[in-house]
Structures are given as structure tokens and as C-alpha cells.
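Trainee: Structure supplied as final19.pdb; contents: PDB, C-alpha atoms (C1' of nucleotides).
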```
ATOM      1  CA  MET I 286     286.454  99.425-185.963
ATOM      2  CA  PRO I 287     286.935 100.871-182.543
ATOM      3  CA  GLU I 288     289.617  99.120-180.520
ATOM      4  CA  LEU I 289     290.989 100.167-177.142
ATOM      5  CA  PRO I 290     292.434 103.571-178.180
ATOM      6  CA  GLU I 291     289.301 104.673-179.996
ATOM      7  CA  VAL I 292     287.079 103.555-177.121
ATOM      8  CA  GLU I 293     289.328 105.373-174.628
ATOM      9  CA  CYS I 294     289.050 108.580-176.680
ATOM     10  CA  ILE I 295     285.274 108.210-176.684
ATOM     11  CA  ARG I 296     285.296 107.551-172.942
ATOM     12  CA  ARG I 297     287.268 110.722-172.222
ATOM     13  CA  ALA I 298     284.995 112.810-174.410
ATOM     14  CA  LEU I 299     281.844 111.383-172.843
ATOM     15  CA  GLU I 300     283.215 111.844-169.355
ATOM     16  CA  GLY I 301     283.566 115.563-170.006
ATOM     17  CA  LEU I 302     280.148 115.864-171.592
ATOM     18  CA  LEU I 303     277.996 113.595-169.467
ATOM     19  CA  VAL I 304     279.194 113.520-165.869
ATOM     20  CA  GLY I 305     276.785 115.456-163.664
ATOM     21  CA  ARG I 306     274.172 115.661-166.427
ATOM     22  CA  THR I 307     270.809 113.962-166.543
ATOM     23  CA  LEU I 308     270.084 111.693-169.492
ATOM     24  CA  SER I 309     266.598 111.380-170.919
ATOM     25  CA  LEU I 310     265.927 108.561-173.320
ATOM     26  CA  ASP I 311     264.228 109.991-176.388
ATOM     27  CA  HIS I 312     263.648 106.796-178.254
ATOM     28  CA  ILE I 313     264.919 103.363-179.128
ATOM     29  CA  ALA I 314     264.585 102.734-182.846
ATOM     30  CA  ARG I 315     265.572  99.082-182.622
ATOM     31  CA  GLN I 316     265.011  97.023-179.513
ATOM     32  CA  ASP I 317     267.157  94.233-180.907
ATOM     33  CA  ILE I 318     270.392  96.109-180.283
ATOM     34  CA  VAL I 319     269.725  95.878-176.557
ATOM     35  CA  GLY I 320     271.397  92.841-175.007
ATOM     36  CA  SER I 321     271.642  91.447-171.504
ATOM     37  CA  LEU I 322     274.499  90.274-169.311
ATOM     38  CA  SER I 323     273.668  86.679-170.193
ATOM     39  CA  ASN I 324     273.092  87.436-173.878
ATOM     40  CA  PRO I 325     275.337  90.392-174.705
ATOM     41  CA  ARG I 326     274.509  90.605-178.368
ATOM     42  CA  GLY I 327     270.801  91.031-177.854
ATOM     43  CA  GLN I 328     267.763  89.299-179.178
ATOM     44  CA  ARG I 329     268.522  89.126-182.870
ATOM     45  CA  ARG I 330     265.693  86.790-183.803
ATOM     46  CA  GLY I 331     262.298  85.994-182.443
ATOM     47  CA  PRO I 332     260.122  88.338-180.420
ATOM     48  CA  VAL I 333     261.967  91.089-178.583
ATOM     49  CA  LYS I 334     261.233  91.791-174.942
ATOM     50  CA  PRO I 335     260.543  95.452-174.307
ATOM     51  CA  ILE I 336     263.084  97.131-172.071
ATOM     52  CA  ALA I 337     262.179  99.555-169.308
ATOM     53  CA  ASP I 338     263.446 103.049-170.113
ATOM     54  CA  GLU I 339     265.156 103.218-166.713
ATOM     55  CA  GLN I 340     267.458 100.376-167.738
ATOM     56  CA  LEU I 341     268.692 102.589-170.545
ATOM     57  CA  LEU I 342     269.548 105.394-168.105
ATOM     58  CA  HIS I 343     266.342 107.356-168.627
ATOM     59  CA  ARG I 344     266.213 110.160-166.029
ATOM     60  CA  SER I 345     269.600 109.119-164.651
ATOM     61  CA  VAL I 346     272.379 111.464-163.568
ATOM     62  CA  VAL I 347     275.661 110.272-165.041
ATOM     63  CA  ASP I 348     278.335 109.720-162.419
ATOM     64  CA  ARG I 349     281.143 107.928-164.233
ATOM     65  CA  VAL I 350     282.192 106.609-167.616
ATOM     66  CA  LEU I 351     284.417 103.520-167.430
ATOM     67  CA  ARG I 352     286.183 101.379-169.987
ATOM     68  CA  LYS I 353     287.662  97.912-170.048
ATOM     69  CA  GLY I 354     289.160  96.660-173.269
ATOM     70  CA  LYS I 355     286.793  97.740-176.029
ATOM     71  CA  GLN I 356     283.766  98.050-173.756
ATOM     72  CA  LEU I 357     282.380 101.262-172.302
ATOM     73  CA  ALA I 358     280.102 101.598-169.300
ATOM     74  CA  ILE I 359     278.120 104.701-168.418
ATOM     75  CA  GLY I 360     277.235 104.708-164.711
ATOM     76  CA  SER I 361     274.591 106.733-162.912
ATOM     77  CA  LEU I 362     274.413 108.116-159.377
ATOM     78  CA  CYS I 363     271.850 105.464-158.504
ATOM     79  CA  ASP I 364     274.308 102.718-159.543
ATOM     80  CA  ARG I 365     272.562 101.799-162.748
ATOM     81  CA  TRP I 366     274.898 101.085-165.644
ATOM     82  CA  LEU I 367     274.737 100.826-169.389
ATOM     83  CA  ILE I 368     277.473  98.859-171.125
ATOM     84  CA  VAL I 369     278.135 100.009-174.679
ATOM     85  CA  ARG I 370     279.825  97.645-177.109
ATOM     86  CA  LEU I 371     280.543  99.368-180.394
ATOM     87  CA  GLY I 372     281.333  96.274-182.445
ATOM     88  CA  MET I 373     282.565  97.108-185.929
ATOM     89  CA  SER I 374     280.846 100.319-186.827
ATOM     90  CA  GLY I 375     279.258 101.593-183.621
ATOM     91  CA  GLN I 376     279.450 105.283-182.736
ATOM     92  CA  LEU I 377     278.378 107.451-179.840
ATOM     93  CA  LEU I 378     277.715 110.918-181.198
ATOM     94  CA  THR I 379     276.979 114.168-179.424
ATOM     95  CA  GLY I 380     276.173 117.726-180.393
ATOM     96  CA  SER I 381     275.752 118.532-184.064
ATOM     97  CA  ALA I 382     277.319 115.178-185.036
ATOM     98  CA  ALA I 383     274.406 113.510-183.241
ATOM     99  CA  SER I 384     271.665 115.713-184.617
ATOM    100  CA  GLU I 385     272.940 115.681-188.191
ATOM    101  CA  ARG I 386     273.033 111.903-188.510
ATOM    102  CA  CYS I 387     269.730 110.098-188.566
ATOM    103  CA  ASP I 388     270.450 106.925-190.536
ATOM    104  CA  HIS I 389     271.306 103.876-188.440
ATOM    105  CA  VAL I 390     270.701 105.723-185.177
ATOM    106  CA  HIS I 391     269.251 103.036-182.898
ATOM    107  CA  ALA I 392     268.993 104.990-179.658
ATOM    108  CA  ARG I 393     268.932 108.641-178.776
ATOM    109  CA  TRP I 394     269.105 110.555-175.485
ATOM    110  CA  THR I 395     268.885 114.186-174.478
ATOM    111  CA  ILE I 396     271.688 115.416-172.208
ATOM    112  CA  GLY I 397     270.515 117.724-169.442
ATOM    113  CA  GLY I 398     267.634 119.038-171.488
ATOM    114  CA  GLY I 399     269.859 120.334-174.256
ATOM    115  CA  ALA I 400     272.284 118.431-176.437
ATOM    116  CA  SER I 401     271.719 115.049-177.997
ATOM    117  CA  LEU I 402     273.537 111.736-177.556
ATOM    118  CA  ALA I 403     273.078 109.125-180.267
ATOM    119  CA  PHE I 404     274.086 105.477-180.568
ATOM    120  CA  ARG I 405     274.604 104.818-184.255
ATOM    121  CA  ASP I 406     275.716 101.507-185.762
ATOM    122  CA  ALA I 407     275.307 100.691-189.434
ATOM    123  CA  ARG I 408     276.468  97.086-189.235
ATOM    124  CA  ARG I 409     274.750  96.382-185.950
ATOM    125  CA  PHE I 410     277.526  94.265-184.450
ATOM    126  CA  GLY I 411     277.369  96.540-181.428
ATOM    127  CA  SER I 412     274.919  96.441-178.539
ATOM    128  CA  LEU I 413     273.707  98.206-175.421
ATOM    129  CA  ILE I 414     273.648  96.101-172.260
ATOM    130  CA  PRO I 415     271.829  97.290-169.137
ATOM    131  CA  CYS I 416     273.620  96.370-165.911
ATOM    132  CA  PRO I 417     272.032  96.767-162.465
ATOM    133  CA  SER I 418     275.100  97.624-160.363
ATOM    134  CA  LEU I 419     278.839  98.248-160.287
ATOM    135  CA  SER I 420     279.435  94.853-158.712
ATOM    136  CA  GLU I 421     277.584  93.158-161.597
ATOM    137  CA  LEU I 422     279.634  95.220-164.037
ATOM    138  CA  GLU I 423     282.851  94.180-162.355
ATOM    139  CA  ALA I 424     281.779  90.531-162.426
ATOM    140  CA  HIS I 425     280.956  90.847-166.112
ATOM    141  CA  TRP I 426     284.279  92.489-166.870
ATOM    142  CA  GLN I 427     286.107  89.898-164.813
ATOM    143  CA  ARG I 428     285.515  87.536-167.720
ATOM    144  CA  LEU I 429     287.727  89.732-169.882
ATOM    145  CA  GLY I 430     291.480  89.480-169.683
ATOM    146  CA  PRO I 431     293.512  92.385-168.246
ATOM    147  CA  ASP I 432     293.333  95.662-170.126
ATOM    148  CA  ALA I 433     295.992  95.681-172.845
ATOM    149  CA  LEU I 434     297.155  99.189-171.937
ATOM    150  CA  SER I 435     298.433  98.117-168.545
ATOM    151  CA  ILE I 436     298.949  94.361-168.755
ATOM    152  CA  ASP I 437     301.808  93.003-166.692
ATOM    153  CA  PRO I 438     304.394  91.026-168.732
ATOM    154  CA  MET I 439     304.321  88.035-166.368
ATOM    155  CA  ASP I 440     300.537  87.992-166.504
ATOM    156  CA  LEU I 441     300.648  88.128-170.300
ATOM    157  CA  LEU I 442     303.162  85.295-170.357
ATOM    158  CA  ASP I 443     301.015  83.126-168.085
ATOM    159  CA  ARG I 444     297.933  83.732-170.185
ATOM    160  CA  LEU I 445     299.601  83.053-173.521
ATOM    161  CA  ARG I 446     302.003  80.223-172.737
ATOM    162  CA  SER I 447     299.315  77.616-172.085
ATOM    163  CA  ARG I 448     297.671  78.259-175.459
ATOM    164  CA  LYS I 449     298.617  76.311-178.530
ATOM    165  CA  LEU I 450     297.661  78.978-181.020
ATOM    166  CA  ALA I 451     299.270  81.767-183.024
ATOM    167  CA  VAL I 452     300.100  84.802-180.898
ATOM    168  CA  LYS I 453     298.052  86.957-183.256
ATOM    169  CA  ALA I 454     294.973  84.865-182.470
ATOM    170  CA  GLY I 455     295.831  85.076-178.779
ATOM    171  CA  LEU I 456     295.947  88.866-178.866
ATOM    172  CA  LEU I 457     292.539  88.985-180.537
ATOM    173  CA  ASN I 458     290.983  86.817-177.796
ATOM    174  CA  GLN I 459     289.421  89.250-175.318
ATOM    175  CA  GLN I 460     289.539  86.654-172.534
ATOM    176  CA  ILE I 461     293.323  86.542-172.791
ATOM    177  CA  VAL I 462     293.895  90.283-173.089
ATOM    178  CA  ALA I 463     291.204  92.937-173.502
ATOM    179  CA  GLY I 464     291.166  95.744-176.032
ATOM    180  CA  VAL I 465     293.268  94.504-178.944
ATOM    181  CA  GLY I 466     291.683  94.187-182.382
ATOM    182  CA  ASN I 467     293.140  93.525-185.784
ATOM    183  CA  ILE I 468     294.929  96.850-186.269
ATOM    184  CA  TYR I 469     296.759  97.027-182.952
ATOM    185  CA  ALA I 470     297.545  93.300-182.913
ATOM    186  CA  ASP I 471     299.574  93.712-186.109
ATOM    187  CA  GLU I 472     301.105  97.005-185.012
ATOM    188  CA  SER I 473     302.212  95.770-181.600
ATOM    189  CA  LEU I 474     303.632  92.500-182.974
ATOM    190  CA  PHE I 475     305.628  94.487-185.511
ATOM    191  CA  ARG I 476     306.979  96.775-182.821
ATOM    192  CA  ALA I 477     307.855  93.764-180.647
ATOM    193  CA  ARG I 478     309.530  92.066-183.655
ATOM    194  CA  ILE I 479     307.438  88.932-183.152
ATOM    195  CA  HIS I 480     306.027  86.926-186.063
ATOM    196  CA  PRO I 481     302.206  86.777-185.869
ATOM    197  CA  ARG I 482     302.242  82.984-186.392
ATOM    198  CA  THR I 483     304.550  82.371-183.437
ATOM    199  CA  VAL I 484     302.931  79.685-181.310
ATOM    200  CA  CYS I 485     302.181  81.004-177.838
ATOM    201  CA  THR I 486     303.671  77.936-176.134
ATOM    202  CA  SER I 487     307.126  78.983-177.377
ATOM    203  CA  PHE I 488     306.916  82.331-175.581
ATOM    204  CA  ARG I 489     309.511  83.132-172.969
ATOM    205  CA  HIS I 490     309.789  85.949-170.491
ATOM    206  CA  GLU I 491     311.658  88.323-172.797
ATOM    207  CA  HIS I 492     309.042  87.989-175.539
ATOM    208  CA  ALA I 493     306.231  88.766-173.133
ATOM    209  CA  VAL I 494     308.167  91.783-171.879
ATOM    210  CA  ARG I 495     308.632  93.030-175.428
ATOM    211  CA  LEU I 496     305.022  92.411-176.360
ATOM    212  CA  ALA I 497     303.535  94.006-173.240
ATOM    213  CA  GLU I 498     305.759  97.040-173.733
ATOM    214  CA  SER I 499     304.847  97.298-177.416
ATOM    215  CA  LEU I 500     301.162  97.040-176.639
ATOM    216  CA  ARG I 501     301.438  99.860-174.136
ATOM    217  CA  GLU I 502     303.461 102.084-176.486
ATOM    218  CA  VAL I 503     301.311 101.480-179.549
ATOM    219  CA  LEU I 504     298.019 101.899-177.703
ATOM    220  CA  ALA I 505     299.150 104.996-175.772
ATOM    221  CA  SER I 506     300.452 106.582-178.951
ATOM    222  CA  ALA I 507     297.173 105.858-180.733
ATOM    223  CA  ILE I 508     295.215 107.465-177.889
ATOM    224  CA  GLU I 509     297.390 110.578-178.209
ATOM    225  CA  HIS I 510     296.587 110.693-181.921
ATOM    226  CA  GLY I 511     292.879 110.449-181.234
ATOM    227  CA  GLY I 512     292.663 106.859-182.511
ATOM    228  CA  SER I 513     292.732 105.304-185.975
ATOM    229  CA  THR I 514     290.039 106.293-188.412
ATOM    230  CA  LEU I 515     289.601 103.830-191.245
ATOM    231  CA  ARG I 516     285.997 104.258-192.160
ATOM    232  CA  ASP I 517     283.508 104.631-189.377
ATOM    233  CA  TYR I 518     285.365 105.755-186.311
ATOM    234  CA  CYS I 519     285.113 109.300-185.051
ATOM    235  CA  SER I 520     284.990 110.945-181.656
ATOM    236  CA  PRO I 521     281.598 111.805-180.134
ATOM    237  CA  SER I 522     281.900 115.293-181.617
ATOM    238  CA  GLY I 523     282.544 113.861-185.085
ATOM    239  CA  ILE I 524     286.322 114.357-185.251
ATOM    240  CA  THR I 525     288.393 111.627-186.923
ATOM    241  CA  GLY I 526     291.628 110.209-185.490
ATOM    242  CA  SER I 527     295.024 110.467-187.158
ATOM    243  CA  PHE I 528     296.821 107.310-185.987
ATOM    244  CA  ARG I 529     296.209 105.640-189.342
ATOM    245  CA  LEU I 530     298.894 107.952-190.691
ATOM    246  CA  VAL I 531     301.481 106.263-188.511
ATOM    247  CA  HIS I 532     300.462 102.624-189.003
ATOM    248  CA  GLN I 533     303.639 100.694-189.720
ATOM    249  CA  VAL I 534     302.129  97.486-191.125
ATOM    250  CA  TYR I 535     298.327  97.420-190.955
ATOM    251  CA  GLY I 536     296.872  97.876-194.432
ATOM    252  CA  ARG I 537     300.359  98.007-195.997
ATOM    253  CA  GLU I 538     300.737  94.482-197.445
ATOM    254  CA  GLY I 539     303.128  94.500-200.405
ATOM    255  CA  GLN I 540     304.575  97.883-199.462
ATOM    256  CA  CYS I 541     308.045  98.434-198.021
ATOM    257  CA  CYS I 542     308.847  97.938-194.343
ATOM    258  CA  LEU I 543     309.523 101.375-192.878
ATOM    259  CA  ILE I 544     312.420  99.953-190.846
ATOM    260  CA  CYS I 545     314.294  97.633-193.212
ATOM    261  CA  GLY I 546     312.708  98.201-196.624
ATOM    262  CA  ALA I 547     311.667  94.573-197.157
ATOM    263  CA  LYS I 548     308.339  93.875-198.838
ATOM    264  CA  LEU I 549     305.648  93.341-196.176
ATOM    265  CA  SER I 550     303.950  89.929-196.188
ATOM    266  CA  GLY I 551     300.241  89.315-195.830
ATOM    267  CA  ALA I 552     298.084  86.283-195.020
ATOM    268  CA  ARG I 553     295.173  85.283-192.865
ATOM    269  CA  VAL I 554     296.111  84.421-189.287
ATOM    270  CA  GLY I 555     293.500  83.642-186.683
ATOM    271  CA  GLY I 556     290.890  84.209-189.362
ATOM    272  CA  ARG I 557     291.945  87.828-189.876
ATOM    273  CA  ALA I 558     293.911  89.695-192.522
ATOM    274  CA  THR I 559     297.443  89.990-191.128
ATOM    275  CA  VAL I 560     300.479  91.962-192.301
ATOM    276  CA  TRP I 561     304.049  91.585-191.065
ATOM    277  CA  CYS I 562     307.651  92.184-192.061
ATOM    278  CA  PRO I 563     309.358  88.881-192.956
ATOM    279  CA  THR I 564     312.742  90.351-191.992
ATOM    280  CA  CYS I 565     312.033  92.317-188.807
ATOM    281  CA  GLN I 566     309.594  89.682-187.526
ATOM    282  CA  GLY I 567     311.521  86.455-188.125
ATOM    283  CA  ARG I 568     309.667  83.151-188.278
ATOM    284  CA  ARG I 569     311.705  81.792-185.374
ATOM    285  CA  ILE I 570     311.233  83.630-182.160
ATOM    286  CA  LYS I 571     314.357  85.557-181.259
TER     287      LYS I 571
ATOM    288  C1'  DC Z  92     288.426  72.102-172.964
ATOM    289  C1'  DT Z  93     290.653  73.851-177.340
ATOM    290  C1'  DG Z  94     291.135  75.776-181.526
ATOM    291  C1'  DG Z  95     289.291  76.520-186.125
ATOM    292  C1'  DT Z  96     285.433  77.999-188.958
ATOM    293  C1'  DC Z  97     280.953  79.988-189.679
ATOM    294  C1'  DT Z  98     277.724  83.648-189.009
ATOM    295  C1'  DC Z  99     275.687  88.072-188.534
ATOM    296  C1'  DC Z 100     275.384  92.961-191.199
ATOM    297  C1'  DT Z 101     276.079  96.854-194.368
ATOM    298  C1'  DG Z 102     279.003 100.109-196.846
ATOM    299  C1'  DA Z 103     282.894 100.535-199.797
ATOM    300  C1'  DT Z 104     285.190  98.879-203.583
ATOM    301  C1'  DC Z 105     286.176  96.252-207.729
ATOM    302  C1'  DG Z 106     285.517  94.004-212.233
ATOM    303  C1'  DC Z 107     282.777  93.885-216.154
TER     304       DC Z 107
ATOM    305  C1'  DT A 278     276.634 104.428-215.289
ATOM    306  C1'  DG A 279     275.010 100.377-213.218
ATOM    307  C1'  DC A 280     275.215  96.048-210.938
ATOM    308  C1'  DG A 281     276.528  91.892-208.759
ATOM    309  C1'  DA A 282     280.430  89.844-206.170
ATOM    310  C1'  DT A 283     283.690  90.388-202.652
ATOM    311  C1'  DC A 284     285.699  92.023-198.480
ATOM    312  C1'  DA A 285     286.138  93.845-193.750
ATOM    313  C1'  DG A 286     285.774  92.523-188.947
ATOM    314  C1'  DG A 287     284.023  91.622-183.131
ATOM    315  C1'  DA A 288     282.672  87.931-180.940
ATOM    316  C1'  DG A 289     279.236  84.256-179.981
ATOM    317  C1'  DA A 290     277.707  79.761-182.061
ATOM    318  C1'  DC A 291     279.029  75.595-183.481
ATOM    319  C1'  DC A 292     281.809  71.565-184.497
ATOM    320  C1'  DA A 293     285.793  68.221-184.700
TER     321       DA A 293
END
```
Show this structure as C-alpha cells.
Mentor:
Amino acid sequence: MPELPEVECIRRALEGLLVGRTLSLDHIARQDIVGSLSNPRGQRRGPVKPIADEQLLHRSVVDRVLRKGKQLAIGSLCDRWLIVRLGMSGQLLTGSAASERCDHVHARWTIGGGASLAFRDARRFGSLIPCPSLSELEAHWQRLGPDALSIDPMDLLDRLRSRKLAVKAGLLNQQIVAGVGNIYADESLFRARIHPRTVCTSFRHEHAVRLAESLREVLASAIEHGGSTLRDYCSPSGITGSFRLVHQVYGREGQCCLICGAKLSGARVGGRATVWCPTCQGRRIK
DNA sequence: CTGGTCTCCTGATCGC
DNA sequence: TGCGATCAGGAGACCA
């Protein structure tokens, strides 16, 4: 379940491994994981259109690796881009991690004639999206909200306050703020001492300040720890992240709050399993 | 337009 | 030990 910190760790690793190297597409095992800008999830039913190898960076020299929210984009010198969305279980693997795993590998490249790069995704919620230029990429990413790592409190307030939904659901909406998934939504709300069911319309400036700051702290800390590994996530070289060890609420329903000792509550909010501290995160917004 | 629910997909886990 | 049921979750589809 890669969220912003995990994707940022992958981006940094890929940047070091790929920039200046030429990719050669070895094979695509499943065409249906390839999407388009107008249909990001790909052709999941019906006949699949074949994709030109060049659109998947075949014989392209990698120039940059960018990220916005949970999306990655690998850019080539000739301004061809490949957006990678990892979904639930997607991985980009390199080196021995790439060559050792064969199951669920949907696409594979060779890096500069040597090492291997593999896109692996057991649950197939992820996709690869060819993009013809940086300007098209920027237009596509414009539809996402600001990146959660650097969102401005006033911007966050503006985006949330018009919505009549639980703040937890708001954080999970990538058009409001990009990069937050279930883990970091719960963690940042806990740190900001805001109840996940707080209706966004009741937000005031101070709450947005607290939430934006908590998002930044939680996400930056997770990046430093190499991300959270629950099941599938690992870095391109196959290393798992350690942030799970410092989760304060996620996955801890029924256990004691690490701040006040109260028993952590759990319920579904915004359609997702949610955990919070009934004492630290009061029902009424403070 | 908005917000809630359904759906896709497979591996891990649980109860029997 | 084996097996079916259940759950997890990103995000588009769909509906009231």
C-alpha cells in the first residue's frame, strides 16, 4: 500500500539508478495494466490495443524521475514520460530483487544493458500510463490536489471547508490533497488531535495549520524511515521500511493510546478502516 | 455537483 | 491439514 512516503523512497532510489541510463523494454506480460491519460486504469475488459514499445520508454535515456502524491513519472531526454501508479500492491524492483521475482511481473526493462527493472503488481490495481510530454504530465497532475508534503495551511483550509464530509474522507480524496492514503490519514489526524469524523465545514484556520503541519511531520518522518511496510511494500532493491514500528494508531484498534493510555477506537470512516484516540482526538473540534 | 457505496483483484488470515 | 469465507485498500464507476 504505497502512499506518498513509500513512493518518494522509490523515486529517490530510481533517480539514482536510472538517470542517464537507457531503458530497453524486454517484455510486457499483460497489456491490460497499461492505461492512458483519459483512461488511467487501463483496458480491463474487451480487446486490448497494442502499445508501441516507445511509449513504454523502450530505447529511452532516463532524464528525470518525478512524483506527485502517490504517482511516479519516469521522464526521458526526448520528453517521453511513463506515469507509474502502484495502486495497492505495485512494486518497481531492480537488481536481484527484480530478477528473483517472476510471479506477477507485468513489465520488465533492462537498464543500460545490464540490470533489470520490473513492474510487479499482484492485485493489479496499479497501472502504467504513457504520457507524450512534460506539459501533458503537468496538465494531468494539475487534476490532483497539492502534494501533502508541502501543502499550505490556507490552501488546505480552502479545499476542505467547502466539503460536507468527514475530514478523513477529505484526506483520502486525491483531488483535495495528493499522497495521503489510509495509514497516513489516521496518523496525521492523531498527531493533529482531530477526530476523523470531524466535518470539514467546521474547520477553522488553526485546525488547518495543525493538520498541514502534522501531515508534513508524519510524511517526512516516514520517508526518513524508508516508508511503512505492511505486506507488499519494499524499495526497488527489496528493502522494507521501518515506519510501521512507529505507527501511533494505524492497525492498533483496541490497544492503548501511546499518549494518554485510553483504549483506541475503531470504525469505518469514508469507507475505510479508521483508528483514533477518543480522548486525544475529541469529537468536538478544539 | 456531492457524497456514499460498489467494484476490481489476490494474498493473508481466520474459523471450522 | 485443508478449505471456504472474509478482509484489505486506491480510485473510477455508478447512483440517489
Trainee: Go through I:Met373, I:Val390, I:Asp364, I:Arg478 and flag the residue nearest DC99 in chain Z, using all atoms listed in the file for the distances.
Mentor: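 For DC99 in chain Z, the nearest of the candidates is I:Met373.
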Trainee: Written as a PyMOL selection string, what is the full residue list that the PyMOL selection byres ((chain Z) within 8 of (chain I)) yields on the file shown?
Mentor: chain Z and resi 94+99-101
Trainee: Using all atoms listed in the file, find each residue in chain I having at least one atom no more than 10 Å away from chain A; report its shortest atom-to-atom pair and that distance in Å (one decimal), rows by chain then rising number, as JSON lines.
Mentor:
```
{"residue": "I:Met286", "atom": "CA", "partner": "A:DG286", "partner_atom": "C1'", "distance": 7.6}
{"residue": "I:Pro287", "atom": "CA", "partner": "A:DG287", "partner_atom": "C1'", "distance": 9.7}
{"residue": "I:Glu288", "atom": "CA", "partner": "A:DG287", "partner_atom": "C1'", "distance": 9.7}
{"residue": "I:Asn324", "atom": "CA", "partner": "A:DG289", "partner_atom": "C1'", "distance": 9.2}
{"residue": "I:Pro325", "atom": "CA", "partner": "A:DG289", "partner_atom": "C1'", "distance": 9.0}
{"residue": "I:Arg326", "atom": "CA", "partner": "A:DG289", "partner_atom": "C1'", "distance": 8.1}
{"residue": "I:Lys355", "atom": "CA", "partner": "A:DG287", "partner_atom": "C1'", "distance": 9.8}
{"residue": "I:Arg370", "atom": "CA", "partner": "A:DG287", "partner_atom": "C1'", "distance": 9.5}
{"residue": "I:Leu371", "atom": "CA", "partner": "A:DG287", "partner_atom": "C1'", "distance": 8.9}
{"residue": "I:Gly372", "atom": "CA", "partner": "A:DG287", "partner_atom": "C1'", "distance": 5.4}
{"residue": "I:Met373", "atom": "CA", "partner": "A:DG287", "partner_atom": "C1'", "distance": 6.3}
{"residue": "I:Ser374", "atom": "CA", "partner": "A:DG286", "partner_atom": "C1'", "distance": 9.5}
{"residue": "I:Phe410", "atom": "CA", "partner": "A:DG287", "partner_atom": "C1'", "distance": 7.1}
{"residue": "I:Gly411", "atom": "CA", "partner": "A:DG287", "partner_atom": "C1'", "distance": 8.4}
{"residue": "I:Leu457", "atom": "CA", "partner": "A:DG287", "partner_atom": "C1'", "distance": 9.3}
{"residue": "I:Asn458", "atom": "CA", "partner": "A:DA288", "partner_atom": "C1'", "distance": 9.0}
{"residue": "I:Gln459", "atom": "CA", "partner": "A:DA288", "partner_atom": "C1'", "distance": 8.9}
{"residue": "I:Gly466", "atom": "CA", "partner": "A:DG287", "partner_atom": "C1'", "distance": 8.1}
{"residue": "I:Asn467", "atom": "CA", "partner": "A:DG286", "partner_atom": "C1'", "distance": 8.1}
{"residue": "I:Gly556", "atom": "CA", "partner": "A:DG286", "partner_atom": "C1'", "distance": 9.8}
{"residue": "I:Arg557", "atom": "CA", "partner": "A:DG286", "partner_atom": "C1'", "distance": 7.8}
{"residue": "I:Ala558", "atom": "CA", "partner": "A:DA285", "partner_atom": "C1'", "distance": 8.9}
```
Trainee: At what distance in Å, to one decimal, does CA of Asp437 in chain I lie from CA of His490 in chain I?
Mentor: 11.3 Å
Trainee: To one decimal place in Å, what is the distance between CA of Pro521 in chain I and CA of Ile318 in chain I?
Mentor: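 These two atoms are separated by 19.3 Å.
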Trainee: Find the distance between CA of Glu498 in chain I and CA of Ala433 in chain I and write it in Å to one decimal.
Mentor: 9.9 Å
Trainee: Neighbouring residues of Val304 in chain I were defined as those with any atom within 8 Å, considering all atoms listed in the file; residues of the same chain fewer than 2 positions away were excluded. Please report them as a VMD selection string.
Mentor: chain I and resid 299 to 302 306 346 to 350
Trainee: Taking the file as I've supplied it (selection: the PyMOL selection byres ((chain I and resi 387) around 12)), which residues are included? Please answer as number ranges by chain.
Mentor: I: 314, 378, 381-386, 388-393, 401-407
Trainee: What does the PyMOL selection byres ((chain I and resi 416-423) around 7) select in this file, as a list in words?
Mentor: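 On the file shown, the PyMOL selection byres ((chain I and resi 416-423) around 7) covers Asp364, Arg365, Trp366, Leu367, Ile368, Ile414, Pro415, Ala424, His425, Trp426 and Gln427 of chain I.
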Trainee: Using all atoms listed in the file, which of I:Pro481, I:Gly397, I:Leu504, I:Ser447 sits nearest DT93 in chain Z?
Mentor: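 Going through I:Pro481, I:Gly397, I:Leu504, I:Ser447 one by one, the smallest distance to DT93 in chain Z is for I:Ser447.
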Trainee: Show which residues sit within 12 Å of Gly546 in chain I, as a PyMOL selection string. Count only C-alpha atoms (C1' of nucleotides), and ignore same-chain residues fewer than 2 positions away.
Mentor: chain I and resi 533-534+539-544+548-549+562-565
Trainee: Just range 520-539 of chain I, please, as a PDB file, in the first residue's frame (only C-alpha atoms).
Mentor:
```pdb
ATOM      1  CA  SER I 520      12.217  -0.315  -2.013  1.00  0.00           C
ATOM      2  CA  PRO I 521      13.364  -1.075  -5.572  1.00  0.00           C
ATOM      3  CA  SER I 522      16.282  -3.044  -4.131  1.00  0.00           C
ATOM      4  CA  GLY I 523      13.929  -5.144  -2.000  1.00  0.00           C
ATOM      5  CA  ILE I 524      14.484  -3.441   1.368  1.00  0.00           C
ATOM      6  CA  THR I 525      11.458  -2.997   3.646  1.00  0.00           C
ATOM      7  CA  GLY I 526      10.627   0.227   5.504  1.00  0.00           C
ATOM      8  CA  SER I 527      10.507   0.574   9.278  1.00  0.00           C
ATOM      9  CA  PHE I 528       7.888   3.296   9.827  1.00  0.00           C
ATOM     10  CA  ARG I 529       5.298   0.697  10.801  1.00  0.00           C
ATOM     11  CA  LEU I 530       7.209   0.389  14.060  1.00  0.00           C
ATOM     12  CA  VAL I 531       6.314   3.953  14.952  1.00  0.00           C
ATOM     13  CA  HIS I 532       2.656   3.985  13.884  1.00  0.00           C
ATOM     14  CA  GLN I 533       0.710   5.569  16.719  1.00  0.00           C
ATOM     15  CA  VAL I 534      -2.817   4.491  15.748  1.00  0.00           C
ATOM     16  CA  TYR I 535      -2.960   2.666  12.412  1.00  0.00           C
ATOM     17  CA  GLY I 536      -3.581  -1.035  12.992  1.00  0.00           C
ATOM     18  CA  ARG I 537      -3.791  -0.523  16.775  1.00  0.00           C
ATOM     19  CA  GLU I 538      -7.569  -0.568  17.398  1.00  0.00           C
ATOM     20  CA  GLY I 539      -8.329  -1.730  20.941  1.00  0.00           C
TER      21      GLY I 539
END
```
